Each structure stands twice: as structure tokens, then as C-alpha cells.
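Text of the file upload01.cif, holding mmCIF, C-alpha atoms:
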data_model
#
loop_
_atom_site.label_atom_id
_atom_site.label_comp_id
_atom_site.auth_asym_id
_atom_site.auth_seq_id
_atom_site.Cartn_x
_atom_site.Cartn_y
_atom_site.Cartn_z
CA MET A 1 145.80 80.55 -82.63
CA ARG A 2 143.10 82.67 -80.92
CA PRO A 3 142.02 79.87 -78.55
CA LEU A 4 145.66 79.35 -77.59
CA LEU A 5 146.16 83.04 -76.87
CA ARG A 6 142.92 83.16 -74.91
CA GLN A 7 143.97 80.11 -72.91
CA ILE A 8 147.39 81.60 -72.13
CA TRP A 9 145.85 84.93 -71.13
CA THR A 10 143.30 83.21 -68.90
CA GLN A 11 146.15 81.43 -67.09
CA ARG A 12 148.45 84.46 -67.17
CA ARG A 13 149.31 84.23 -63.48
CA ALA A 14 150.62 80.71 -63.96
CA ASN A 15 152.33 81.62 -67.22
CA ILE A 16 154.08 84.83 -66.24
CA TRP A 17 156.96 83.19 -64.39
CA ILE A 18 157.75 80.73 -67.19
CA TRP A 19 157.47 83.63 -69.68
CA LEU A 20 160.04 85.59 -67.67
CA THR A 21 162.25 82.53 -67.39
CA LEU A 22 162.19 81.97 -71.15
CA THR A 23 163.02 85.64 -71.75
CA VAL A 24 166.04 85.58 -69.44
CA VAL A 25 167.28 82.20 -70.63
CA GLY A 26 166.75 83.26 -74.25
CA VAL A 27 169.09 86.23 -73.80
CA LEU A 28 171.69 84.17 -71.92
CA LEU A 29 171.53 81.33 -74.43
CA TRP A 30 171.87 83.79 -77.33
CA TYR A 31 174.95 85.32 -75.71
CA ALA A 32 176.53 81.88 -75.26
CA VAL A 33 175.73 80.90 -78.87
CA ASP A 34 177.09 84.25 -80.09
CA LEU A 35 180.29 83.70 -78.14
CA LEU A 36 180.57 80.22 -79.61
CA TYR A 37 180.01 81.66 -83.09
CA ASN A 38 182.98 83.99 -82.58
CA TYR A 39 185.28 80.95 -82.28
CA GLU A 40 183.59 78.33 -84.43
CA ALA A 41 183.06 80.63 -87.43
CA SER A 42 186.73 81.53 -87.35
CA GLY A 43 187.86 77.93 -86.80
CA ARG A 44 185.84 76.71 -89.78
CA ARG A 45 187.19 79.24 -92.24
CA PRO A 46 189.81 77.80 -94.61
CA LEU A 47 193.45 78.39 -93.72
CA GLY A 48 194.33 79.50 -97.23
CA TYR A 49 196.67 76.53 -97.67
CA ASN A 50 196.33 72.76 -97.52
CA ILE A 51 198.06 70.86 -94.69
CA ASP A 52 196.73 67.39 -95.53
CA ASN A 53 199.63 64.95 -95.99
CA VAL A 54 202.13 67.70 -95.12
CA TYR A 55 204.88 67.01 -92.55
CA ASN A 56 207.57 69.09 -90.94
CA ILE A 57 210.92 67.28 -90.89
CA GLU A 58 212.40 68.12 -87.50
CA LEU A 59 216.19 68.17 -87.37
CA ARG A 60 218.26 69.00 -84.31
CA TYR A 61 221.87 70.04 -83.84
CA ASN A 62 224.70 68.53 -81.84
CA TRP A 63 226.81 71.61 -81.16
CA THR A 64 229.45 69.60 -79.29
CA ASN A 65 230.85 68.47 -82.65
CA GLU A 66 232.85 71.65 -83.29
CA GLU A 67 234.72 70.26 -86.30
CA ALA A 68 231.49 69.61 -88.20
CA ILE A 69 230.16 73.14 -87.69
CA GLU A 70 232.33 74.41 -90.54
CA HIS A 71 230.61 72.00 -92.97
CA MET A 72 227.01 72.75 -91.98
CA GLY A 73 226.15 74.25 -95.36
CA GLU A 74 227.35 71.22 -97.30
CA ASP A 75 225.69 68.81 -94.86
CA ASN A 76 222.41 70.70 -95.11
CA ALA A 77 222.37 70.31 -98.88
CA VAL A 78 223.04 66.57 -98.57
CA LEU A 79 220.24 66.14 -96.00
CA TYR A 80 217.83 68.04 -98.21
CA ARG A 81 218.65 65.79 -101.16
CA LEU A 82 218.35 62.58 -99.12
CA ILE A 83 214.95 63.62 -97.77
CA SER A 84 213.69 64.57 -101.24
CA GLU A 85 214.66 61.11 -102.56
CA TYR A 86 212.69 59.20 -99.91
CA ARG A 87 210.12 56.94 -101.58
CA ASP A 88 206.95 58.34 -99.93
CA ILE A 89 207.70 62.02 -100.58
CA GLU A 90 206.15 63.85 -103.53
CA GLU A 91 207.60 67.32 -102.96
CA ILE A 92 209.92 69.05 -100.49
CA CYS A 93 210.50 72.71 -99.66
CA TYR A 94 212.28 74.82 -97.09
CA TYR A 95 211.11 78.03 -95.48
CA CYS A 96 211.79 80.32 -92.53
CA GLY A 97 210.17 83.30 -90.88
CA ASP A 98 206.59 82.96 -89.70
CA THR A 99 205.87 79.30 -88.89
CA PRO A 100 202.25 78.08 -88.86
CA PHE A 101 200.83 76.54 -85.65
CA THR A 102 203.68 77.80 -83.49
CA ASP A 103 204.47 80.98 -81.59
CA MET A 104 207.34 81.73 -83.99
CA ARG A 105 206.04 84.92 -85.57
CA GLN A 106 207.87 87.32 -87.86
CA PHE A 107 206.33 90.45 -89.34
CA GLU A 108 207.40 93.70 -90.95
CA GLY A 109 205.68 96.76 -92.40
CA TYR A 110 205.03 97.37 -96.10
CA CYS A 111 203.60 100.29 -98.03
CA THR A 112 203.18 101.46 -101.60
CA HIS A 113 205.25 104.16 -103.26
CA ASP A 114 202.08 106.15 -103.85
CA ASN A 115 201.11 106.23 -100.17
CA SER A 116 204.09 105.72 -97.89
CA SER A 117 202.13 106.95 -94.87
CA ARG A 118 199.97 103.82 -94.84
CA ILE A 119 202.15 101.01 -93.48
CA VAL A 120 200.55 97.58 -93.14
CA SER A 121 202.06 95.24 -90.54
CA THR A 122 202.48 91.95 -92.37
CA TYR A 123 203.45 88.39 -91.48
CA ILE A 124 206.42 87.32 -93.58
CA ARG A 125 207.68 83.95 -94.78
CA TYR A 126 210.84 83.33 -96.79
CA VAL A 127 210.16 80.26 -98.93
CA SER A 128 211.66 78.16 -101.66
CA PRO A 129 209.64 77.96 -104.91
CA GLU A 130 208.43 74.45 -104.05
CA PHE A 131 206.61 75.81 -100.96
CA PHE A 132 203.51 76.68 -102.98
CA ASP A 133 203.24 73.12 -104.32
CA VAL A 134 203.83 71.50 -100.94
CA PHE A 135 201.11 73.61 -99.30
CA ASP A 136 198.90 73.55 -102.42
CA ILE A 137 198.54 77.34 -102.63
CA LYS A 138 196.76 78.41 -105.81
CA PRO A 139 197.02 82.11 -106.74
CA LEU A 140 193.85 84.13 -107.22
CA SER A 141 195.62 86.51 -109.59
CA GLY A 142 198.95 86.31 -111.38
CA THR A 143 201.20 83.27 -111.65
CA ILE A 144 204.05 81.93 -109.54
CA ASP A 145 207.05 81.63 -111.84
CA ARG A 146 209.65 79.31 -110.32
CA ASP A 147 212.39 80.57 -112.63
CA ARG A 148 211.99 84.12 -111.34
CA TRP A 149 211.65 83.07 -107.69
CA VAL A 150 215.26 83.86 -106.84
CA THR A 151 216.87 86.18 -104.33
CA GLY A 152 219.06 87.92 -106.90
CA GLU A 153 216.25 89.43 -108.94
CA TYR A 154 215.34 93.07 -108.43
CA PRO A 155 212.73 94.24 -107.68
CA VAL A 156 212.41 91.22 -105.39
CA PRO A 157 209.48 89.02 -106.49
CA ALA A 158 206.74 88.73 -103.87
CA VAL A 159 203.55 86.74 -103.44
CA ILE A 160 201.04 88.42 -101.14
CA SER A 161 197.74 87.39 -99.58
CA LEU A 162 194.39 88.88 -100.53
CA GLU A 163 194.21 90.73 -97.20
CA LEU A 164 197.45 92.59 -97.96
CA ALA A 165 196.48 93.20 -101.59
CA ASP A 166 193.18 94.77 -100.53
CA SER A 167 194.90 96.90 -97.88
CA LEU A 168 197.60 98.28 -100.19
CA PHE A 169 196.17 98.17 -103.71
CA GLY A 170 192.41 97.81 -103.34
CA SER A 171 192.02 94.42 -105.04
CA ALA A 172 193.93 91.31 -106.13
CA SER A 173 193.83 92.13 -109.83
CA GLN A 174 195.20 95.63 -109.28
CA ALA A 175 198.05 94.35 -107.08
CA VAL A 176 199.73 92.08 -109.65
CA GLY A 177 202.72 93.81 -111.22
CA LYS A 178 202.70 96.69 -108.72
CA THR A 179 205.65 97.49 -106.47
CA MET A 180 205.90 98.23 -102.77
CA PHE A 181 208.69 98.70 -100.24
CA ASN A 182 209.65 98.12 -96.63
CA PRO A 183 210.18 101.50 -94.91
CA TYR A 184 212.24 99.85 -92.16
CA PHE A 185 215.19 99.53 -94.54
CA LEU A 186 215.12 103.27 -95.22
CA MET A 187 216.21 103.74 -91.61
CA GLN A 188 219.25 101.61 -92.42
CA GLY A 189 220.19 103.80 -95.39
CA THR A 190 219.07 101.26 -97.98
CA SER A 191 215.93 100.89 -100.06
CA THR A 192 213.97 97.80 -101.04
CA ASN A 193 211.47 97.23 -103.79
CA TYR A 194 209.14 94.26 -104.07
CA LYS A 195 207.11 93.47 -107.17
CA VAL A 196 203.91 91.51 -106.71
CA MET A 197 204.05 88.32 -108.74
CA ALA A 198 200.77 86.78 -107.56
CA VAL A 199 198.02 87.11 -104.96
CA THR A 200 196.97 84.11 -102.86
CA PRO A 201 193.73 83.51 -100.93
CA ASP A 202 193.49 84.95 -97.43
CA GLN A 203 195.90 83.30 -94.99
CA LYS A 204 195.61 82.39 -91.31
CA PRO A 205 198.63 81.57 -89.10
CA ASP A 206 196.49 79.14 -87.06
CA SER A 207 192.93 77.84 -86.85
CA TYR A 208 191.41 80.28 -84.37
CA SER A 209 192.60 83.60 -85.73
CA ARG A 210 191.57 86.25 -88.17
CA TYR A 211 192.93 86.41 -91.69
CA GLN A 212 196.24 88.25 -91.55
CA PRO A 213 198.23 90.12 -94.21
CA MET A 214 200.90 87.71 -95.45
CA ILE A 215 203.85 88.09 -97.80
CA TYR A 216 206.02 85.36 -99.28
CA LEU A 217 209.57 86.21 -100.39
CA PRO A 218 212.24 84.02 -102.01
CA VAL A 219 214.91 82.38 -99.89
CA GLY A 220 218.26 81.09 -101.14
CA PRO A 221 220.07 77.79 -100.42
CA GLU A 222 222.38 79.64 -98.04
CA MET A 223 219.45 79.74 -95.58
CA LEU A 224 218.97 75.97 -95.49
CA GLY A 225 220.59 75.75 -92.05
CA TYR A 226 218.06 78.20 -90.63
CA SER A 227 214.99 76.85 -92.40
CA ASN A 228 212.20 74.39 -91.76
CA PHE A 229 211.92 71.41 -94.08
CA ALA A 230 208.35 70.56 -95.12
CA VAL A 231 207.30 67.66 -97.32
CA ARG A 232 204.10 66.52 -98.98
CA VAL A 233 203.75 62.75 -98.95
CA ARG A 234 201.78 60.46 -101.23
CA ASP A 235 198.11 59.90 -100.40
CA ASP A 236 198.76 56.20 -99.84
CA ALA A 237 201.64 56.81 -97.40
CA GLY A 238 199.25 56.38 -94.48
CA GLU A 239 199.42 57.49 -90.86
CA ALA A 240 202.48 55.33 -90.27
CA PHE A 241 204.63 57.55 -92.49
CA ALA A 242 206.23 59.36 -89.55
CA GLN A 243 207.30 56.11 -87.84
CA ARG A 244 208.48 54.57 -91.08
CA PHE A 245 210.42 57.68 -92.09
CA TYR A 246 212.19 57.87 -88.72
CA ALA A 247 213.12 54.19 -88.80
CA ASP A 248 214.49 54.41 -92.35
CA MET A 249 216.20 57.81 -92.21
CA ARG A 250 217.50 58.15 -88.67
CA GLU A 251 220.96 56.88 -89.51
CA PRO A 252 221.33 58.39 -93.04
CA LEU A 253 220.40 61.84 -91.69
CA GLU A 254 222.82 61.68 -88.78
CA ARG A 255 225.49 63.77 -90.43
CA GLY A 256 227.85 66.36 -88.95
CA VAL A 257 226.01 68.35 -86.29
CA PHE A 258 222.60 67.15 -87.50
CA TYR A 259 220.41 64.35 -86.27
CA LEU A 260 216.77 63.49 -87.02
CA LEU A 261 214.15 64.09 -84.33
CA GLY A 262 211.25 62.93 -86.46
CA ALA A 263 208.53 63.88 -88.94
CA ARG A 264 205.54 65.70 -87.52
CA SER A 265 202.23 66.09 -89.30
CA LEU A 266 201.01 69.68 -89.65
CA SER A 267 197.53 68.42 -88.84
CA ASP A 268 198.85 67.20 -85.49
CA MET A 269 200.68 70.49 -84.98
CA LYS A 270 197.41 72.32 -85.62
CA SER A 271 195.51 70.19 -83.09
CA ASP A 272 198.25 70.51 -80.47
CA TYR A 273 198.49 74.27 -80.93
CA ASP A 274 194.74 74.74 -80.50
CA LEU A 275 194.78 72.52 -77.41
CA THR A 276 197.80 74.05 -75.68
CA HIS A 277 196.51 77.59 -76.20
CA GLY A 278 193.26 76.76 -74.44
CA THR A 279 190.93 77.49 -77.34
CA VAL A 280 189.59 73.95 -77.58
CA SER A 281 188.94 73.80 -73.82
CA TYR A 282 187.20 77.18 -73.97
CA VAL A 283 184.94 76.06 -76.82
CA ARG A 284 184.09 72.85 -74.96
CA THR A 285 183.17 74.93 -71.91
CA LEU A 286 180.83 77.01 -74.06
CA TYR A 287 179.11 73.86 -75.29
CA SER A 288 178.70 72.78 -71.66
CA VAL A 289 177.15 76.15 -70.75
CA ILE A 290 174.69 75.89 -73.65
CA ALA A 291 173.79 72.35 -72.58
CA PHE A 292 173.21 73.61 -69.02
CA PHE A 293 170.81 76.34 -70.21
CA MET A 294 168.91 73.84 -72.34
CA PHE A 295 168.66 71.35 -69.47
CA THR A 296 167.42 74.11 -67.15
CA VAL A 297 164.68 75.06 -69.58
CA PHE A 298 163.81 71.39 -70.03
CA LEU A 299 163.26 70.87 -66.30
CA ILE A 300 161.25 74.08 -65.93
CA VAL A 301 158.97 73.35 -68.89
CA LEU A 302 158.61 69.67 -68.00
CA GLY A 303 157.58 70.41 -64.41
CA THR A 304 155.23 73.20 -65.42
CA PHE A 305 153.34 71.25 -68.05
CA MET A 306 153.17 68.07 -65.98
CA LEU A 307 151.52 70.15 -63.26
CA ARG A 308 149.21 71.76 -65.82
CA VAL A 309 148.04 68.40 -67.14
CA LYS A 310 147.40 67.19 -63.63
CA ARG A 311 145.35 70.28 -62.78
CA ARG A 312 143.50 70.34 -66.09
CA ARG A 313 142.56 66.69 -66.31
CA GLY A 314 138.89 67.57 -66.33
CA GLU A 315 139.33 70.17 -69.05
CA MET A 316 141.31 67.80 -71.22
CA ALA A 317 138.80 65.00 -70.67
CA LEU A 318 135.93 67.33 -71.53
CA ARG A 319 137.66 68.37 -74.78
CA LEU A 320 138.18 64.74 -75.69
CA ALA A 321 134.57 63.92 -74.83
CA MET A 322 133.37 66.77 -77.07
CA GLY A 323 135.16 65.37 -80.10
CA SER A 324 138.78 66.52 -79.90
CA THR A 325 141.22 63.82 -80.87
CA ARG A 326 144.15 62.88 -78.68
CA ARG A 327 146.51 64.28 -81.31
CA GLN A 328 144.71 67.61 -81.09
CA ALA A 329 145.15 67.58 -77.32
CA LEU A 330 148.84 66.84 -77.85
CA GLY A 331 149.17 69.66 -80.36
CA ARG A 332 147.34 72.10 -78.07
CA LEU A 333 149.79 71.60 -75.20
CA ILE A 334 152.80 71.86 -77.50
CA GLY A 335 151.26 74.92 -79.12
CA GLU A 336 150.85 76.62 -75.73
CA GLY A 337 154.54 76.10 -75.00
CA LEU A 338 155.65 77.42 -78.38
CA VAL A 339 153.37 80.48 -78.19
CA LEU A 340 154.83 81.28 -74.77
CA LEU A 341 158.31 80.95 -76.28
CA VAL A 342 157.56 83.20 -79.26
CA SER A 343 156.05 85.88 -77.05
CA SER A 344 159.09 85.76 -74.75
CA LEU A 345 161.52 86.03 -77.68
CA VAL A 346 160.27 89.49 -78.62
CA PRO A 347 161.67 91.24 -75.51
CA ALA A 348 164.65 88.85 -75.57
CA ALA A 349 165.50 89.98 -79.13
CA ILE A 350 165.26 93.65 -78.12
CA ILE A 351 167.57 93.10 -75.14
CA ALA A 352 170.05 91.05 -77.21
CA ALA A 353 170.10 93.64 -80.03
CA ASN A 354 170.92 96.40 -77.55
CA ILE A 355 173.72 94.29 -76.07
CA MET A 356 175.22 93.84 -79.53
CA TYR A 357 174.71 97.49 -80.43
CA ALA A 358 176.52 98.51 -77.23
CA ASP A 359 179.48 96.37 -78.38
CA LEU A 360 179.28 94.08 -75.34
CA THR A 361 179.71 90.89 -77.37
CA VAL A 362 183.06 89.17 -77.95
CA ASN A 363 184.35 90.03 -81.43
CA THR A 364 187.98 88.98 -81.21
CA LEU A 365 187.87 86.65 -84.22
CA THR A 366 184.64 87.54 -86.04
CA ASP A 367 183.19 90.98 -86.64
CA ALA A 368 179.83 91.87 -85.12
CA SER A 369 177.12 92.20 -87.77
CA TRP A 370 173.37 91.97 -88.07
CA TRP A 371 173.77 88.79 -90.10
CA ARG A 372 175.69 87.25 -87.20
CA PHE A 373 172.94 88.43 -84.82
CA VAL A 374 170.20 86.85 -86.93
CA VAL A 375 172.08 83.54 -87.20
CA THR A 376 172.91 83.28 -83.50
CA PHE A 377 169.52 84.46 -82.21
CA CYS A 378 167.61 82.14 -84.56
CA THR A 379 169.88 79.26 -83.49
CA ALA A 380 169.21 79.97 -79.81
CA SER A 381 165.46 80.23 -80.52
CA LEU A 382 165.38 76.92 -82.38
CA LEU A 383 167.28 75.23 -79.55
CA LEU A 384 164.75 76.53 -77.04
CA ALA A 385 161.86 75.44 -79.26
CA ALA A 386 163.30 71.92 -79.54
CA VAL A 387 163.75 71.71 -75.77
CA ILE A 388 160.16 72.88 -75.16
CA VAL A 389 158.72 70.30 -77.57
CA ILE A 390 160.77 67.54 -75.93
CA ALA A 391 159.81 68.69 -72.44
CA VAL A 392 156.08 69.05 -73.23
CA TRP A 393 155.91 65.65 -74.89
CA PRO A 394 155.74 63.53 -71.67
CA ALA A 395 153.02 65.79 -70.27
CA ALA A 396 151.11 65.69 -73.53
CA ARG A 397 151.40 61.90 -73.71
CA SER A 398 149.95 61.60 -70.22
CA ALA A 399 147.05 63.84 -71.33
CA MET A 400 146.38 61.51 -74.26
CA LYS A 401 146.14 58.53 -71.91
CA LEU A 402 143.44 60.11 -69.70
CA SER A 403 140.57 57.89 -68.73
CA LEU A 404 137.58 60.03 -69.70
CA ALA A 405 135.22 58.46 -67.19
CA VAL A 406 137.64 58.80 -64.26
CA ALA A 407 138.69 62.35 -65.16
CA LEU A 408 135.10 63.57 -65.59
CA HIS A 409 134.01 61.81 -62.38
CA ASP A 410 136.83 63.52 -60.46
CA GLU A 411 135.86 66.85 -61.96
#
Kindly return the structure encoded in the file as C-alpha cells.
Amino acid sequence: MRPLLRQIWTQRRANIWIWLTLTVVGVLLWYAVDLLYNYEASGRRPLGYNIDNVYNIELRYNWTNEEAIEHMGEDNAVLYRLISEYRDIEEICYYCGDTPFTDMRQFEGYCTHDNSSRIVSTYIRYVSPEFFDVFDIKPLSGTIDRDRWVTGEYPVPAVISLELADSLFGSASQAVGKTMFNPYFLMQGTSTNYKVMAVTPDQKPDSYSRYQPMIYLPVGPEMLGYSNFAVRVRDDAGEAFAQRFYADMREPLERGVFYLLGARSLSDMKSDYDLTHGTVSYVRTLYSVIAFFMFTVFLIVLGTFMLRVKRRRGEMALRLAMGSTRRQALGRLIGEGLVLLVSSLVPAAIIAANIMYADLTVNTLTDASWWRFVVTFCTASLLLAAVIVIAVWPAARSAMKLSLAVALHDE
């Protein structure tokens, strides 16, 4: 290590500009990686429910058939039964309110009777009891009793997410069996009470978002006409399920004002939602920026060390003549590059830490923390180290191929 430091100090005039470049690029690369972490860390967190093999059955209405409007309720029940009997479907449910991977949002405020001043704005979904099986939602605490999941029971049974349980009751275990109410209804002269039946894992309305407070409430058959139909299909149904379902069920489901538009996979809805809202394009742009920084460093280091080898041919030949192996010459050049990088990362880390401490990073989806700083800065440092090794390699290889006689004669 000492010979490397002595060598770098001896050539400090030649090294200072690459040291400054690595410092600046290190900070910029860290900021880009940190920005990418804000989105990728959120996108990789589980949704809180399983959308594999889940499809939305999309029905549309022909309002020109005025005579059939009076029979919408009966027709809805028939459609629901026909869909549930289709051969590839394991389970069917209906729900309304907040719809995942769309801009259809519904939320209300909820608070406990002990602290009515703390109102938590909460996403709300009205679901049939089969919803939890279709979306494979397993409660963390409590149990989901289908027999009690009815609109006529009072207090109204409710299933809440961990985020809401923590906000109102402190923990999932303490929330089960407790009651809460919606203060909005007090303005209407009525009161509501909801009793927590179970607590689910944290829920996200879409991929690139924070976990949001979520509440599930029972919905009755009278809401079928205003609900989404979701189905879970068999694992062996395959990707052709949507086409096969439309071909088989288009005519049977054309009843009254209803007609079938198709079956749409929630996985496709998720991908389309991320794409149309620009998040995917933004993340791809960040990857391009990171690649640009790495390519810039590659060119700078490559040119610098190629020039060094050319100027130090005599020195390298003399080292080889005095017993150094070609691998040692290779390691010395790579070592010089890495020592320069490590020394430049010290001021880069100080600058980056101050940027984070000043709250100048993007924290829309992931909270700023020292753990996040360590992960992102170490990632940026490792990327720079890999680029330096790759860039130094051609120069080091040329040093290993020196003709000792020619190099010493030129010297």
C-alpha cells in the first residue's frame, strides 16, 4: 500500500484532475442511484395481495335498451352465476370502491372512540367475502368469518390493513375486536360503528406507491350492478384464458343491458398502469443516466492509464527486469486506480451525506434513512470500482506485453 501511495503522491499533478473527476462523478452517480432506489425499492415491495391468475371481468352496458333497465338486478345475478360456473374459474368475487391499478380512488376518514381527534384518511373497498380468497389475502391477526361478512350485522365487520391498525390502535394484535367509526356520518346525523374482524398485511393501490391505510367492508348483492367482477383461474388455464373466455361467454353474457367486453389480467393492468403514468419511462431514464456516468468514467480512466503506461514504459520494464512478474505489474496499475477511487470517495461521501441531511433527495416513495444512504453510496462506489478495473485492464495488459529490451533501450 505504501509504494502505491508514494507513487500516487509523486504523480499528484497528473492524478489531481482524475481525483476531482471521480469525486464529482461519485456524488452524481450516488444521487442517481439514490433516486433509482426511491422507485425500485417501492416497486419491489409486495402489494399485500396476490394478482397472479386474477382477472377482471369487464362488462359494459347498452343503455338504449330501456325495457331491460328495470331487470338489471336479476340479470346481474344471472351473469354472476354464469361466470362462476365457467370451467377455468376457481373463485369469483365482486367489489367496488377503490380499484387497484386504476385512477378510481375512494377514501374516507376513520378514528377510534377513544381519540376522535385523530382521523386517518383511508382507502376503502366494499367486497364480497370471496374477495379475500380471490386475491389470496391472509390475515396477520384475527380471522375472516364469511358467515359474519354481511351488511346487516352491527357493528359492521371490517378488515383493515396493518398501516391503519398501527395508526389507530398501535399494533395488529391490539386492533382485532376493537371498534372505530367514520366521523363523516356524524355530520349527516347518523353514527356508524365498525368492529375489526382481522388485520391484513400492508396494502398498496399500485406498484410504485407507499403502503396506504386500507379498510375492507362487506357489500351486499344489491350492489352487483355497480361492482367489479374478479375471478381467480386455475393455474393450468394459461395465457389464452382471456381469449377463450371471450369466445365462449360473449353470447351467454349478452343479457338485457349487459354485454361482455372481455377478461383482463390484473398483471396486465398493473403493467399498463405503470407505463401510462410514466413511472417505467422515468426509471428507464435513470438507468440511462447511470450508464452515461459509468461510460464517462470508463473513457476518462481508460485514456489516463493508457497514457500513463505509454509514458512509464521504462519504469514498467525496469520493474519487470528487477524481478516483478507481469501479474504484479497488472495489479499495481489496478491498485493505483482503486486507491485513487477510495481517496476520492471520502469527500464524495461527506458531500452526499450533507445533501441527504439537507433533505435534497427524492423521498416520495421511500423514506430517507442512513441505511438507504449506506446501500446507495456503496452501490455507486462498487459500480465505479468495477468501471475502473475494466478501464485499467487494457492499459495493464499492454504493460504486461512490454518488450523489456526495447523499452529499456528507449529509456
Within 7 Å of Pro155 in chain A, counting all atoms listed in the file, which residues qualify if same-chain residues fewer than 5 places away don't, as a PDB file with C-alpha atoms, in the frame of the given file?
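Here's the written file selection06.pdb:
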ATOM      1  CA  ASN A 193     211.470  97.230-103.790  1.00  0.00           C
ATOM      2  CA  TYR A 194     209.140  94.260-104.070  1.00  0.00           C
ATOM      3  CA  LYS A 195     207.110  93.470-107.170  1.00  0.00           C
TER       4      LYS A 195
END
For CA of Glu336 in chain A and CA of Ile300 in chain A, determine how far apart the two atoms are, in Å to one decimal place.
14.5 Å
Using all atoms listed in the file, I'd like a table of the residues in range 21-41 of chain A that come within 10 Å of range 381-393 of chain A; for each, show the closest atom pair and its distance in Å rounded to one decimal, ordered by chain and ascending number, as a Markdown table.
| residue | atom | partner | partner_atom | distance |
| --- | --- | --- | --- | --- |
| A:Leu22 | CA | A:Leu384 | CA | 8.4 |
| A:Val25 | CA | A:Leu384 | CA | 8.9 |
| A:Gly26 | CA | A:Ser381 | CA | 7.1 |
| A:Val27 | CA | A:Ser381 | CA | 9.7 |
| A:Leu29 | CA | A:Ser381 | CA | 8.7 |
| A:Trp30 | CA | A:Ser381 | CA | 8.0 |
Evaluate the PyMOL selection byres ((chain A and resi 111) around 9) and report residues as an NGL selection string:
:A and (109-110 or 112-120 or 168 or 180-183)
Which residues are close to Ser42 in chain A, i.e. within 8 Å by all atoms listed in the file, leaving aside same-chain residues fewer than 5 positions away? Reply as a PDB file with C-alpha atoms, in the frame of the given file.
ATOM      1  CA  TYR A  37     180.010  81.660 -83.090  1.00  0.00           C
ATOM      2  CA  SER A 207     192.930  77.840 -86.850  1.00  0.00           C
ATOM      3  CA  TYR A 208     191.410  80.280 -84.370  1.00  0.00           C
ATOM      4  CA  SER A 209     192.600  83.600 -85.730  1.00  0.00           C
ATOM      5  CA  ARG A 210     191.570  86.250 -88.170  1.00  0.00           C
ATOM      6  CA  LEU A 365     187.870  86.650 -84.220  1.00  0.00           C
ATOM      7  CA  THR A 366     184.640  87.540 -86.040  1.00  0.00           C
TER       8      THR A 366
END
Nearest to Ile89 in chain A, chosen from A:Leu253, A:Leu164, A:Ile350, A:Val231, with only C-alpha atoms counted in the distances
A:Val231
Resolved residues for the PyMOL selection byres ((chain A and resi 46-56) around 9) as a ChimeraX atom specification
/A:42-45,57-58,132,134-138,161,200-207,211,228-235,237-238,242,262-267
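Nearest residue to Ile16 in chain A among A:Leu341, A:Val176, A:Cys378, A:Met72 is A:Leu341, counting only C-alpha atoms.
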Given only C-alpha atoms as the basis, pick out the residue of A:Val362, A:Met197, A:Leu36, A:Leu345 nearest to Thr279 in chain A.
A:Leu36
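Of the listed residues A:Ala348, A:Leu260, A:Met269, A:Val289, the one whose atoms come nearest to Val33 in chain A is A:Val289, with distances taken using all atoms listed in the file.
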For a test of reading the model, state the distance in Å between CA of Ala349 in chain A and CA of Leu20 in chain A, rounded to one decimal.
13.4 Å
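Residues within 12 Å of Leu299 in chain A, counting all atoms listed in the file and excluding same-chain residues fewer than 2 positions away, are Ile18, Thr21, Phe292, Phe293, Met294, Phe295, Thr296, Val297, Val301, Leu302, Gly303, Thr304, Phe305, Met306, Val387, Ile388, Ile390, Ala391, Val392 and Pro394 of chain A.
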Residues within 8 Å of Ala175 in chain A, only C-alpha atoms, excluding chain neighbours under 5 positions, as an mmCIF file with C-alpha atoms, in the frame of the given file:
data_model
loop_
_atom_site.group_PDB
_atom_site.id
_atom_site.type_symbol
_atom_site.label_atom_id
_atom_site.label_comp_id
_atom_site.auth_asym_id
_atom_site.auth_seq_id
_atom_site.Cartn_x
_atom_site.Cartn_y
_atom_site.Cartn_z
ATOM 1 C CA ALA A 165 196.480 93.200 -101.590
ATOM 2 C CA LEU A 168 197.600 98.280 -100.190
ATOM 3 C CA PHE A 169 196.170 98.170 -103.710
ATOM 4 C CA GLY A 170 192.410 97.810 -103.340
ATOM 5 C CA VAL A 196 203.910 91.510 -106.710
ATOM 6 C CA VAL A 199 198.020 87.110 -104.960
#
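For the file shown, the residue list from the PyMOL selection byres ((chain A and resi 277) around 12) reads A:Phe101, A:Thr102, A:Asp103, A:Asp206, A:Ser207, A:Tyr208, A:Ser209, A:Lys270, A:Ser271, A:Asp272, A:Tyr273, A:Asp274, A:Leu275, A:Thr276, A:Gly278, A:Thr279, A:Val280, A:Ser281, A:Tyr282, A:Val283.
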For Arg244 in chain A, the closest of A:Leu28, A:Asp88, A:Ser344, A:Val339 counting all atoms listed in the file is A:Asp88
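Near Glu163 in chain A, within a cut-off of 7 Å and counting all atoms listed in the file, sit the residues Asp166, Ser167, Asp202, Gln212 and Pro213 of chain A, with same-chain residues fewer than 3 positions away left out.
The shortest atom-to-atom distance to Thr376 in chain A, with only C-alpha atoms taken into account, belongs to A:Ala353 out of A:Ile215, A:Ala353, A:Leu82, A:Val342.
Reported to one decimal place, the separation of CA of Leu79 in chain A from CA of Tyr94 in chain A is 11.8 Å.
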